[in-house]
Amino acid sequence: MRINTKRFAAGAALALVASVGLAACGSDDGGSGDGDGTTVTFLPKNLGNPYFETSDAGGEKAVKEFGGVYDEVGPDTAGPDAQVSYIDTAAAQGVNVLVVSANDPDALCDSLNAAREAGTKVVTFDSDTNPECRDLFINQATAEGIAKVQVDMIAEQIGDSGEIAILSAAANATNQNAWIELMEAELEASHPDIELVATVYGDDDDQTSFDKTAALLADHPNLKGIISPTTVGISAAARYLSTSDAKGKVALTGLGTPNQMRDYVKDGTVTEFALWNPEDLGFLSAYAGKALADGDITGEEGDTFSAGDLGEFTVGADGTVLLGDPFRYNADNIDDFNF
Amino acid sequence: MSTQTDGSAGAPARTYSSYSRNVALRVLMTREMAIVVALVVVYLYALGNIQFFDGPLTLFNLSKEYAPILMMALPMTLIIITGEIDLSVASTLGVSAAVTGVLVIEHDLSVPTAAVLAVVVGAVLGALNGFFVAYVGLPSLAVTIGTLALYRGLAEGLIQDKRIAGFPDTWQDWPTERIGETQYPNIVIPVVVLVVVFAVLLHFTTFGRGVFEIGLSDEAAHFSGVNVARTKLVLFTLSGAVAALAGVYVALKANSVATDTGAGFELKVIAGVLLGGVSIFGGRGALHGVVAGVLLIAVLNSALQLDGQGSEVIQIIIGLLLVGSVIASSNLSRVRALLPRRAVKTAARSTTTPPTPTPGDDTRKVVQ
């Protein structure tokens, strides 16, 4: 009998631990759902990723602007179905808008559709799911836009004439090759005095890209500029240039992130490079969700909505909204970004 | 061990009662019931205090996510009761999901055929664990840590860099469709069937009795007629097969298979089993406790998520709960070790038998 009492006490203690744990959390204001504004939950690929911290900060800014309730949840690692339980929870909470950057185009579909049946509007950004699983996709950039901004930047930096080269990723990288093809077409059409003398492949490997940059400069003494449409390539090329004689003489531009490129912009190796602005991306996604939740738009092609300072946007084919031209980063604005 | 069975068969001149407590106390005052009570308390608390917990999606989502964990926890319970452990279940699940995916998507097999083949593969992988543990005599911890990596590697080899996605709609939808108007998805049906099967196997068969005997002492079990090696082989094979079945479900549910499908599930499974009152040293445990243990983790997780808590808070609470339950049980036996001295004076006038082994006694009484 005495054993029983002890045992019961142990059990009771256990139950107590459980309920105390819950009570501690219960006292915390549940957050979403209590306000009278639109509830918007951001679900990035994973938490603690500076890129998504920037985009979600943009989302939070937008949500505050229209008086909604902002929340951010997400897994610690970007596994294919790690986001499922967060989607399920958001659906059960009945949030108005769920803004997702999908880790997998298929694995999230059932949960997203269950959420939509429960009345939640689903907006994807950065990485899309299958189109039938979401209401809108906010596309950060088109291939044409990415190609054009890089050609424009190099033309400005070398005075619209001279030899240039491209430092790409892998030779069979689909997106890279699509951009290179478009850049060649753009050069031919609008910049007849610029000659593309070589396209080399650094395989998105830092050391290979570094070596290829050295080889490019050795093989083409008259080279005036390099375009590297990959974040690994541009930072490796900048690292090489910054310590070589060519610093300041050979222009370098392409697609990069501010944190990788900050030092090279400040020391004059790089004048300007491009990428979309993740903050604007999050900002637009939140406004698109708001427009859906209010019933202003349904996600049909041709629907238009307003996104605060960013202006008017029109829904394109397959429920896609384009953020716009890539954003140019230079010495004037690079310190405003941290990703 | 076996004397108890013999004794109950026909020993008229017994000088002491079979149990020191009456039936109600024996059923209610157990670690298992403590977990069941904790589950009910947490559930009711969440219903009353957590916003949205009473919504129509809560139980649905919870069943959908925890079905594979509960499935794998069933054979794991039996394995841990024998004093062994199977850390490779999540990797076996990954192999099975990969096999199902490759067969259906790349080789156009029907889902049932692929599922049967995947379960066979899982059983073979489990049997391999069992062979090393039971017949070669290696420690299961070492063997299954090895196969945890090995089987995960197999899954990666099967998938490589391919994208496996897009199962046929009818099969893909079935596991997560609701049963009629209820809040439960179809997958609950096979899970309940498995729970009943394993409960009968553990608590109402001689095989199950043997499982407990092995956990208390391999040698004693051997001398009392239990085929120790075969029992372990069967258990690991079952574990592989059930993990594979869970793998088929996970693949269909997600509609895609990746190299890390199910990674980390083994810890959730083992946490559920230990929280459910099964002794990690073997010889003690009951299936209803394990079901309650897994559900307790599921309900806590769901409630905390709905309350807007981050994954760190959830992990901390479940970790504390687990540590707390282990401390409670180890203190319990320490307290009990002190008790008999006092107990002899007061209640146990007729106790002339040697003292019962401490950790295992209750469960076996419940079993009988």
# chains A, B, ... in the order shown; residues from 1 in each chain; ligands from 1
>>> residues_around(residues="B:Thr113", least_positions_apart="5", cutoff="12 Å", atoms="only C-alpha atoms", output="list in words")
Val99, Thr100, Gly101, Leu103, Val104, His107, Asp108, Ala118, Val119, Val120, Trp171 and Val248 of chain B
>>> write_last_selection(atoms="C-alpha atoms", output="mmCIF file, in the first residue's frame")
data_model
loop_
_atom_site.group_PDB
_atom_site.id
_atom_site.type_symbol
_atom_site.label_atom_id
_atom_site.label_comp_id
_atom_site.auth_asym_id
_atom_site.auth_seq_id
_atom_site.Cartn_x
_atom_site.Cartn_y
_atom_site.Cartn_z
ATOM 1 C CA VAL B 99 11.623 1.408 -52.394
ATOM 2 C CA THR B 100 7.939 2.281 -52.674
ATOM 3 C CA GLY B 101 8.715 5.495 -54.505
ATOM 4 C CA LEU B 103 8.960 1.016 -57.734
ATOM 5 C CA VAL B 104 5.812 3.080 -58.244
ATOM 6 C CA HIS B 107 8.920 1.124 -62.619
ATOM 7 C CA ASP B 108 5.168 1.757 -62.785
ATOM 8 C CA ALA B 118 8.673 -2.637 -49.347
ATOM 9 C CA VAL B 119 7.372 -4.447 -46.259
ATOM 10 C CA VAL B 120 9.276 -7.574 -47.297
ATOM 11 C CA TRP B 171 -3.672 5.672 -53.241
ATOM 12 C CA VAL B 248 4.869 3.327 -47.215
#
>>> residues_around(residues="stretch 177-181 of chain A", least_positions_apart="4", cutoff="9 Å", atoms="only C-alpha atoms", output="MDAnalysis selection string")
chainID A and resid 143:144 146:147 166 168 171:173 185:186 199 229
>>> residues_around(residues="A:Ala291", least_positions_apart="6", cutoff="10 Å", atoms="only C-alpha atoms", output="list of chain:residue names")
A:Val97, A:Lys121, A:Ser285, A:Ile297, A:Thr298, A:Gly299, A:Thr304, A:Phe305, A:Ser306, A:Ala307
>>> write_last_selection(atoms="N, CA and C atoms", output="mmCIF file, in the first residue's frame")
data_model
loop_
_atom_site.group_PDB
_atom_site.id
_atom_site.type_symbol
_atom_site.label_atom_id
_atom_site.label_comp_id
_atom_site.auth_asym_id
_atom_site.auth_seq_id
_atom_site.Cartn_x
_atom_site.Cartn_y
_atom_site.Cartn_z
ATOM 1 N N VAL A 97 -3.977 34.412 -43.710
ATOM 2 C CA VAL A 97 -3.020 34.303 -44.805
ATOM 3 C C VAL A 97 -1.786 33.536 -44.331
ATOM 4 N N LYS A 121 -5.788 31.694 -46.939
ATOM 5 C CA LYS A 121 -5.233 32.004 -48.257
ATOM 6 C C LYS A 121 -3.742 31.686 -48.251
ATOM 7 N N SER A 285 4.526 39.979 -50.699
ATOM 8 C CA SER A 285 3.790 38.750 -50.384
ATOM 9 C C SER A 285 2.704 39.018 -49.357
ATOM 10 N N ILE A 297 -8.999 40.223 -54.705
ATOM 11 C CA ILE A 297 -8.555 39.443 -55.853
ATOM 12 C C ILE A 297 -8.769 37.966 -55.549
ATOM 13 N N THR A 298 -8.798 37.155 -56.589
ATOM 14 C CA THR A 298 -8.947 35.715 -56.394
ATOM 15 C C THR A 298 -7.716 34.964 -56.869
ATOM 16 N N GLY A 299 -6.760 35.659 -57.460
ATOM 17 C CA GLY A 299 -5.584 34.994 -58.003
ATOM 18 C C GLY A 299 -5.718 34.692 -59.483
ATOM 19 N N THR A 304 -5.660 42.956 -60.276
ATOM 20 C CA THR A 304 -4.655 43.913 -59.831
ATOM 21 C C THR A 304 -4.877 44.265 -58.365
ATOM 22 N N PHE A 305 -3.792 44.544 -57.677
ATOM 23 C CA PHE A 305 -3.883 44.961 -56.283
ATOM 24 C C PHE A 305 -2.753 45.923 -55.976
ATOM 25 N N SER A 306 -2.923 46.654 -54.863
ATOM 26 C CA SER A 306 -1.922 47.645 -54.490
ATOM 27 C C SER A 306 -1.087 47.127 -53.326
ATOM 28 N N ALA A 307 0.228 47.367 -53.369
ATOM 29 C CA ALA A 307 1.124 46.898 -52.312
ATOM 30 C C ALA A 307 1.871 48.081 -51.708
#
>>> residues_around(residues="stretch 321-325 of chain A", least_positions_apart="2", cutoff="8 Å", atoms="only C-alpha atoms", output="number ranges by chain")
A: 136-142, 145-146, 149, 276, 280-281, 284, 313-316, 319, 327
>>> residues_around(residues="B:Tyr66", least_positions_apart="6", cutoff="10 Å", atoms="only C-alpha atoms", output="short mmCIF file (atom, residue, chain, number, x, y, z; two decimals) with C-alpha atoms, in the first residue's frame")
data_model
loop_
_atom_site.label_atom_id
_atom_site.label_comp_id
_atom_site.auth_asym_id
_atom_site.auth_seq_id
_atom_site.Cartn_x
_atom_site.Cartn_y
_atom_site.Cartn_z
CA VAL B 188 -5.96 5.27 -37.83
CA LYS B 268 10.48 10.18 -30.99
CA VAL B 269 9.58 6.49 -30.99
CA VAL B 294 3.13 8.50 -27.66
CA LEU B 295 -0.24 10.27 -27.53
CA ILE B 297 3.90 13.63 -26.73
CA ALA B 298 1.56 14.18 -29.68
CA VAL B 299 -1.01 16.16 -27.69
#
>>> select_by_dssp(residues="stretch 125-293 of chain B", states="strand (DSSP E)", output="PyMOL selection string")
chain B and resi 164-165+256-257
>>> atom_distance(atom1="atom CA of A:Ala286", atom2="atom CA of B:Glu312")
26.3 Å
>>> closest_atom_pairs(of="stretch 196-282 of chain B", to="stretch 133-148 of chain B", cutoff="7 Å", atoms="only C-alpha atoms", output="tab-separated table")
residue	atom	partner	partner_atom	distance
B:Ala229	CA	B:Ala134	CA	4.6
B:Lys232	CA	B:Ala134	CA	5.8
B:Leu233	CA	B:Ala134	CA	6.1
>>> write_last_selection(atoms="C-alpha atoms", output="PDB file, in the first residue's frame")
ATOM      1  CA  ALA B 229      17.392 -16.170 -29.914  1.00  0.00           C
ATOM      2  CA  LYS B 232      14.672 -11.700 -30.556  1.00  0.00           C
ATOM      3  CA  LEU B 233      14.925 -12.508 -34.257  1.00  0.00           C
TER       4      LEU B 233
END
>>> closest_atom_pairs(of="stretch 152-236 of chain B", to="stretch 43-58 of chain B", cutoff="12 Å", atoms="only C-alpha atoms", output="CSV")
residue,atom,partner,partner_atom,distance
B:Arg178,CA,B:Leu57,CA,10.7
B:Glu181,CA,B:Pro56,CA,10.8
B:Thr182,CA,B:Pro56,CA,9.2
B:Gln183,CA,B:Pro56,CA,6.6
B:Tyr184,CA,B:Leu57,CA,9.3
B:Pro185,CA,B:Leu57,CA,10.6
>>> residues_around(residues="A:Asp336", least_positions_apart="4", cutoff="12 Å", atoms="only C-alpha atoms", output="list in words")
Thr54, Pro258, Asn259, Arg262, Asn277, Glu279, Tyr329, Asn330, Ala331 and Asp332 of chain A
>>> interface_residues(of="chain B", to="chain A", cutoff="8 Å", atoms="only C-alpha atoms", output="ChimeraX atom specification")
/B:21,25,29-31,33-35,37-39,41-42,45-46,49-53,55-58,61,65,165-166,253-256,258,260-261,300,302,304-311,317,321,324-325,328-329,332,336,339
>>> atom_distance(atom1="atom CA of B:Leu274", atom2="atom CA of B:Thr176")
28.1 Å
>>> residues_around(residues="A:Ala293", least_positions_apart="6", cutoff="10 Å", atoms="only C-alpha atoms", output="PyMOL selection string")
chain A and resi 38-40+95-97+119-122+287
>>> atom_distance(atom1="atom CA of B:Ala286", atom2="atom CA of B:Thr77")
8.0 Å
